[in-house]
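Next up, input.txt (compact mmCIF, C-alpha atoms):
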# COMPACT_ATOMS: atom_id res chain seq x y z
CA SER A 275 5.31 -9.76 12.07
CA GLY A 276 5.68 -8.69 15.68
CA ALA A 277 4.97 -4.95 15.53
CA PRO A 278 1.66 -5.18 13.59
CA ALA A 279 0.47 -7.99 15.88
CA GLN A 280 1.30 -5.90 18.95
CA ALA A 281 -0.51 -2.89 17.49
CA ASP A 282 -3.51 -5.08 16.70
CA SER A 283 -3.59 -6.35 20.28
CA LEU A 284 -3.32 -2.83 21.70
CA TYR A 285 -6.11 -1.36 19.59
CA ARG A 286 -8.33 -4.40 20.11
CA ALA A 287 -8.00 -3.86 23.87
CA LEU A 288 -8.73 -0.14 23.56
CA ILE A 289 -11.78 -0.80 21.40
CA ASP A 290 -13.07 -3.38 23.89
CA LEU A 291 -12.53 -0.92 26.74
CA TYR A 292 -14.43 1.88 25.03
CA GLN A 293 -17.26 -0.44 24.01
CA THR A 294 -17.58 -1.61 27.61
CA GLU A 295 -17.29 1.70 29.43
CA ARG A 296 -18.31 4.42 26.96
CA ASP A 297 -20.95 5.13 24.35
CA SER A 298 -18.65 5.23 21.33
CA VAL A 299 -15.19 4.22 20.13
CA PRO A 300 -12.86 6.85 18.60
CA ALA A 301 -12.76 6.40 14.85
CA THR A 302 -8.96 6.45 14.87
CA TYR A 303 -8.91 3.26 16.97
CA PHE A 304 -10.86 1.38 14.29
CA HIS A 305 -8.67 2.96 11.59
CA ASN A 306 -5.38 2.06 13.27
CA ARG A 307 -6.48 -1.47 14.07
CA ALA A 308 -7.47 -1.93 10.42
CA ILE A 309 -3.95 -0.93 9.35
CA ALA A 310 -2.40 -3.34 11.85
CA LEU A 311 -4.59 -6.16 10.53
CA GLU A 312 -3.76 -5.30 6.91
CA HIS A 313 -0.05 -5.40 7.69
CA GLN A 314 -0.59 -8.99 8.87
CA ASP A 315 -2.37 -9.82 5.56
CA ARG A 316 -5.63 -10.30 7.47
CA PHE A 317 -7.58 -8.47 4.83
CA GLU A 318 -11.16 -9.45 5.63
CA ALA A 319 -10.75 -8.49 9.28
CA ALA A 320 -9.08 -5.25 8.21
CA LEU A 321 -11.94 -4.40 5.89
CA GLY A 322 -14.42 -4.90 8.71
CA MET A 323 -12.49 -2.39 10.81
CA HIS A 324 -12.29 0.02 7.87
CA VAL A 325 -16.08 -0.02 7.54
CA LYS A 326 -16.41 0.85 11.23
CA ALA A 327 -13.79 3.60 10.94
CA LEU A 328 -15.45 5.12 7.87
CA THR A 329 -18.86 5.11 9.57
CA ALA A 330 -17.44 6.72 12.71
CA PHE A 331 -15.54 9.41 10.77
CA ARG A 332 -18.67 10.25 8.75
CA ASP A 333 -20.75 10.45 11.92
CA GLN A 334 -18.18 12.81 13.44
CA TYR A 335 -17.31 15.02 10.46
CA GLY A 336 -19.87 14.48 7.69
CA ASN A 337 -19.02 13.25 4.21
CA ALA A 338 -16.65 15.98 3.01
CA HIS A 339 -13.69 15.88 5.38
CA PRO A 340 -10.01 14.83 5.01
CA ALA A 341 -10.47 12.13 7.66
CA VAL A 342 -13.20 10.54 5.56
CA ALA A 343 -10.94 10.70 2.50
CA ASN A 344 -8.17 9.03 4.53
CA ALA A 345 -10.52 6.22 5.54
CA LEU A 346 -11.63 5.69 1.94
CA ALA A 347 -8.03 5.69 0.70
CA ARG A 348 -6.90 3.15 3.24
CA MET A 349 -9.88 0.91 2.52
CA ALA A 350 -9.09 1.15 -1.19
CA PHE A 351 -5.52 0.03 -0.58
CA THR A 352 -6.66 -2.92 1.53
CA TYR A 353 -8.97 -4.05 -1.28
CA GLN A 354 -6.04 -3.65 -3.66
CA ARG A 355 -3.76 -5.79 -1.51
CA ALA A 356 -6.53 -8.40 -1.32
CA ASP A 357 -6.67 -8.51 -5.16
CA ARG A 358 -10.20 -7.11 -5.25
CA HIS A 359 -9.39 -4.61 -7.94
CA VAL A 360 -12.85 -3.49 -9.04
CA ARG A 361 -13.78 -2.34 -5.56
CA ALA A 362 -10.30 -0.90 -5.01
CA ASP A 363 -10.55 1.15 -8.21
CA SER A 364 -13.87 2.67 -7.22
CA LEU A 365 -12.64 3.64 -3.76
CA HIS A 366 -9.30 4.96 -5.01
CA ARG A 367 -11.14 7.25 -7.44
CA LYS A 368 -13.43 8.55 -4.69
CA ALA A 369 -10.57 9.13 -2.27
CA LEU A 370 -8.44 10.86 -4.90
CA ALA A 371 -11.30 13.15 -5.94
CA MET A 372 -11.96 14.08 -2.31
CA ARG A 373 -8.30 14.78 -1.63
CA ARG A 374 -8.02 16.96 -4.72
CA ALA A 375 -11.03 18.93 -3.53
CA LEU A 376 -10.08 19.21 0.14
CA LEU A 377 -6.28 19.34 0.29
CA PRO A 378 -3.56 21.65 -1.06
CA PRO A 379 -2.09 20.47 -4.38
CA THR A 380 1.22 19.52 -2.74
CA HIS A 381 -0.22 17.62 0.23
CA PRO A 382 1.49 14.25 0.95
CA HIS A 383 -1.85 12.48 1.28
CA LEU A 384 -2.71 13.53 -2.26
CA ALA A 385 0.64 12.14 -3.40
CA SER A 386 -0.12 8.86 -1.59
CA SER A 387 -3.44 8.51 -3.42
CA LEU A 388 -1.80 9.20 -6.76
CA VAL A 389 0.98 6.67 -6.27
CA ARG A 390 -1.22 3.91 -4.89
CA TYR A 391 -3.88 4.40 -7.54
CA GLY A 392 -1.11 4.37 -10.14
CA TRP A 393 0.03 1.06 -8.73
CA LEU A 394 -3.45 -0.38 -9.11
CA LEU A 395 -3.76 0.96 -12.66
CA VAL A 396 -0.55 -0.68 -13.85
CA GLU A 397 -1.75 -3.96 -12.36
CA GLN A 398 -4.87 -3.55 -14.50
CA GLY A 399 -2.79 -2.93 -17.63
CA ARG A 400 -3.71 0.77 -17.80
CA VAL A 401 -0.08 1.79 -18.10
CA ALA A 402 -0.41 5.31 -19.51
CA GLU A 403 -2.86 6.29 -16.77
CA ALA A 404 -0.67 4.65 -14.16
CA ARG A 405 2.42 6.51 -15.30
CA ALA A 406 0.63 9.87 -15.23
CA LYS A 407 -0.62 9.31 -11.69
CA ALA A 408 2.72 8.05 -10.39
CA GLU A 409 4.65 10.90 -12.01
CA GLU A 410 2.34 13.47 -10.43
CA GLY A 411 2.66 11.80 -7.05
CA LEU A 412 6.43 11.56 -7.34
CA SER A 413 6.66 15.26 -8.20
CA ILE A 414 4.82 16.13 -4.99
CA LEU A 415 6.91 13.77 -2.87
CA THR A 416 10.25 15.02 -4.18
CA SER A 417 9.18 18.58 -3.31
CA LEU A 418 8.40 17.56 0.28
CA LEU A 419 10.74 14.74 1.29
CA PRO A 420 14.51 14.20 1.27
CA GLU A 421 16.09 12.05 -1.40
CA GLY A 422 16.24 8.48 -0.17
CA HIS A 423 12.86 8.53 1.60
CA TRP A 424 11.00 5.26 1.23
CA GLN A 425 7.91 6.95 -0.23
CA ILE A 426 9.99 8.39 -3.06
CA ALA A 427 11.45 4.95 -3.71
CA ALA A 428 7.94 3.48 -3.72
CA ALA A 429 6.71 6.04 -6.26
CA ARG A 430 9.68 5.29 -8.50
CA SER A 431 8.95 1.59 -8.22
CA VAL A 432 5.46 2.18 -9.64
CA LEU A 433 7.05 3.92 -12.61
CA ALA A 434 9.40 0.93 -12.88
CA LEU A 435 6.38 -1.38 -13.06
CA CYS A 436 5.15 0.76 -15.94
CA ASP A 437 8.53 0.33 -17.64
CA MET A 438 8.37 -3.42 -17.06
CA ALA A 439 4.87 -3.61 -18.53
CA GLU A 440 6.16 -1.85 -21.64
CA GLY A 441 9.18 -4.15 -21.99
CA ARG A 442 11.81 -1.69 -20.76
CA PHE A 443 13.35 -4.16 -18.35
CA ALA A 444 16.70 -2.45 -17.89
CA ALA A 445 14.97 0.79 -16.93
CA ALA A 446 12.81 -1.06 -14.39
CA GLU A 447 15.62 -3.01 -12.76
CA GLY A 448 17.39 -0.27 -10.80
CA PRO A 449 14.33 1.32 -9.13
CA LEU A 450 12.88 -2.08 -8.23
CA ARG A 451 16.13 -3.26 -6.69
CA SER A 452 16.48 0.01 -4.79
CA GLN A 453 12.94 -0.32 -3.47
CA PHE A 454 13.57 -3.89 -2.33
CA GLU A 455 16.87 -3.11 -0.59
CA GLN A 456 15.51 -0.03 1.15
CA ALA A 457 12.30 -1.72 2.31
CA ARG A 458 14.19 -4.82 3.48
CA ASP A 459 16.75 -2.77 5.42
CA GLN A 460 14.32 -0.20 6.83
CA PHE A 461 11.28 -2.33 7.60
CA GLY A 462 12.63 -5.89 7.79
CA PRO A 463 12.21 -9.02 5.65
CA GLN A 464 8.71 -9.78 6.92
CA ASP A 465 7.30 -6.37 5.97
CA TRP A 466 4.89 -6.34 3.04
CA ARG A 467 6.87 -3.60 1.26
CA ALA A 468 10.02 -5.71 1.11
CA ARG A 469 8.15 -8.83 0.03
CA THR A 470 6.18 -6.99 -2.63
CA ALA A 471 9.37 -5.54 -4.08
CA ALA A 472 10.96 -9.00 -4.11
CA ARG A 473 7.96 -10.42 -5.97
CA ALA A 474 8.25 -7.64 -8.54
CA LEU A 475 11.90 -8.56 -9.10
CA VAL A 476 11.00 -12.23 -9.53
CA GLN A 477 8.48 -11.24 -12.18
CA LEU A 478 10.89 -8.82 -13.84
CA TYR A 479 13.66 -11.37 -14.21
CA ARG A 480 11.29 -14.12 -15.33
CA THR A 481 9.89 -11.89 -18.04
CA TRP A 482 13.38 -10.72 -18.95
CA ARG A 483 14.47 -14.38 -19.18
CA LYS A 484 17.09 -14.12 -16.47
CA PRO A 485 16.24 -17.24 -14.46
CA ASP A 486 19.20 -17.08 -12.10
CA GLN A 487 18.29 -13.61 -10.87
CA SER A 488 14.62 -14.56 -10.64
CA ALA A 489 15.51 -17.63 -8.57
CA ARG A 490 17.62 -15.51 -6.22
CA TYR A 491 14.66 -13.39 -5.15
CA ALA A 492 12.25 -16.32 -5.15
CA GLU A 493 14.59 -18.16 -2.81
CA TRP A 494 14.82 -15.11 -0.57
CA LEU A 495 11.05 -14.99 -0.34
CA ALA A 496 10.83 -18.68 0.52
CA SER A 497 13.66 -18.51 3.05
CA THR A 498 12.13 -15.60 4.96
CA HIS A 499 8.53 -16.84 4.98
CA SER A 500 7.61 -20.50 5.03
CA GLY A 501 4.15 -19.84 3.60
CA GLU A 502 5.28 -17.78 0.63
CA ALA A 503 3.02 -18.41 -2.35
CA PRO A 504 4.37 -18.64 -5.91
CA ALA A 505 5.79 -15.26 -6.85
CA ARG A 506 3.83 -13.09 -9.23
CA LEU A 507 3.40 -9.49 -10.27
CA PRO A 508 2.87 -7.70 -6.97
CA THR A 509 -0.59 -6.63 -5.91
CA ARG A 510 0.44 -4.93 -2.70
Write the structure described by the file as structure tokens, please.
Amino acid sequence: SGAPAQADSLYRALIDLYQTERDSVPATYFHNRAIALEHQDRFEAALGMHVKALTAFRDQYGNAHPAVANALARMAFTYQRADRHVRADSLHRKALAMRRALLPPTHPHLASSLVRYGWLLVEQGRVAEARAKAEEGLSILTSLLPEGHWQIAAARSVLALCDMAEGRFAAAEGPLRSQFEQARDQFGPQDWRARTAARALVQLYRTWRKPDQSARYAEWLASTHSGEAPARLPTR
């Protein structure tokens, strides 16, 4: 979409400028460009930027620093979105361990690691572990953020995926629909959060044998993105 592409262009220009006129590029420029690339689903390019960001953060701060944990966490999530789950799992575990060691127990970055790792775990069929991580992350988020914040909705959607995996479709439906509607309205139909939530609803209603509802969200995906692949359990 437009905003990630604009951010990519800006950070690419800044990186080129620093590489031309100075000895080093700020690690945050690599990090932010990686996020912009990931939001465009350009995962391989994003991973290349993440490697540069991680190297630069380690050069600046050493190995045991929150900035290094942030870089590892974001790289883990990019691998997760690219369906490279083995590598994502390893990096999520490292980032989560670092954040537990370096951050207060109610820090939002710790909550982010818990929720995103929970998301990966449910995709791997490790539902009990996923639920425990997501519940811990949700507890932190609800202590920090107002009700209705998108991160709270995202954490609840991971728990809904756990419910769906265990056959509790009615319990999963409300949180997944809320996540979709909030992400669509707040971030727009092209944003990965909205599209991921829509894919989860397609999968929910297919598994629940409600083809009309499944078709509704599949048609929304197709109508808002001409290259939409067949819907499946979300990996984003």
Sorted by chain and rising residue number, list the residues of segment 336-412 of chain A at most 12 Å from segment 416-427 of chain A (counting only C-alpha atoms), each with its closest atom pair and distance in Å to one decimal, as a tab-separated table.
residue	atom	partner	partner_atom	distance
A:Pro379	CA	A:Ser417	CA	11.5
A:Thr380	CA	A:Leu418	CA	8.0
A:His381	CA	A:Leu418	CA	8.6
A:Pro382	CA	A:Leu418	CA	7.7
A:His383	CA	A:Gln425	CA	11.3
A:Ala385	CA	A:Gln425	CA	9.5
A:Ser386	CA	A:Gln425	CA	8.4
A:Ser387	CA	A:Gln425	CA	11.9
A:Leu388	CA	A:Gln425	CA	11.9
A:Val389	CA	A:Gln425	CA	9.2
A:Arg390	CA	A:Gln425	CA	10.7
A:Ala408	CA	A:Ile426	CA	10.3
A:Glu409	CA	A:Thr416	CA	10.5
A:Glu410	CA	A:Thr416	CA	10.2
A:Gly411	CA	A:Thr416	CA	8.7
A:Leu412	CA	A:Thr416	CA	6.0
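The coordinates place atom CA of Tyr303 of chain A at 19.1 Å from atom CA of Asn337 of chain A.
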**OP:** Go through A:Arg458, A:Ile289, A:Leu321, A:Glu440 one by one, measure the shortest atom-to-atom distance of each to Ala350 of chain A using all atoms listed in the file, and give the residue with the smallest value.
**Re:**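 Under the stated criterion, the closest residue is A:Leu321.
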**OP:** Figure out the distance between atom CA of Arg405 of chain A and atom CA of Ile309 of chain A, please, to one decimal in Å.
**Re:** 26.5 Å
Original post:
Looking at all atoms listed in the file, which of A:Gln460, A:Thr352, A:Gln487, A:Gln334 is the one that sits closest to Asp315 of chain A?
Top reply: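 That would be A:Thr352, the residue with the smallest distance to Asp315 of chain A.
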Original post:
Closest to Ala310 of chain A among A:Pro449, A:Pro378, A:Gly462, A:Pro278, using all atoms listed in the file?
Top reply: A:Pro278
**OP:** Counting all atoms listed in the file, figure out which residue out of A:Val360, A:Ala492, A:Val401, A:Ala375 gets nearest to Thr470 of chain A.
**Re:**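 When distances to Thr470 of chain A are compared using all atoms listed in the file, the smallest one comes from A:Ala492.
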Subject >> Nearest residue to Gly399 of chain A from the set A:Leu288, A:Arg374, A:Cys436, A:Ala428 (distances using all atoms listed in the file) >> reply: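 Closest to Gly399 of chain A, using all atoms listed in the file: A:Cys436.
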**OP:** Record the distance separating atom CA of Ser488 of chain A and atom CA of Ala356 of chain A, expressed in Å with one decimal.
**Re:**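 So the two atoms, atom CA of Ser488 of chain A and atom CA of Ala356 of chain A, lie 23.9 Å apart.
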Name all residues at most 10 Å from Ser431 of chain A (count all atoms listed in the file; drop same-chain ones fewer than 6 positions away) and give them as a JSON list (two decimals) with C-alpha atoms, in the coordinates of the input.
[["chain", "number", "residue", "atom", "x", "y", "z"],
["A", 389, "VAL", "CA", 0.98, 6.67, -6.27],
["A", 393, "TRP", "CA", 0.03, 1.06, -8.73],
["A", 408, "ALA", "CA", 2.72, 8.05, -10.39],
["A", 425, "GLN", "CA", 7.91, 6.95, -0.23],
["A", 437, "ASP", "CA", 8.53, 0.33, -17.64],
["A", 446, "ALA", "CA", 12.81, -1.06, -14.39],
["A", 447, "GLU", "CA", 15.62, -3.01, -12.76],
["A", 448, "GLY", "CA", 17.39, -0.27, -10.80],
["A", 449, "PRO", "CA", 14.33, 1.32, -9.13],
["A", 450, "LEU", "CA", 12.88, -2.08, -8.23],
["A", 451, "ARG", "CA", 16.13, -3.26, -6.69],
["A", 452, "SER", "CA", 16.48, 0.01, -4.79],
["A", 453, "GLN", "CA", 12.94, -0.32, -3.47],
["A", 454, "PHE", "CA", 13.57, -3.89, -2.33],
["A", 471, "ALA", "CA", 9.37, -5.54, -4.08],
["A", 474, "ALA", "CA", 8.25, -7.64, -8.54]]
Subject >> Residue nearest Pro300 of chain A among A:Ala330, A:Val342, A:Leu365, A:Ala277 (counting only C-alpha atoms) >> reply: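 Closest candidate: A:Ala330.
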**OP:** Mind listing whatever residues come within 12 Å of the point (-4.7, -3.5, 6.8)? Use all atoms listed in the file, file coordinates, and give them as an MDAnalysis selection string.
**Re:** chainID A and resid 278:279 281:282 304:325 345 347:356 466 510
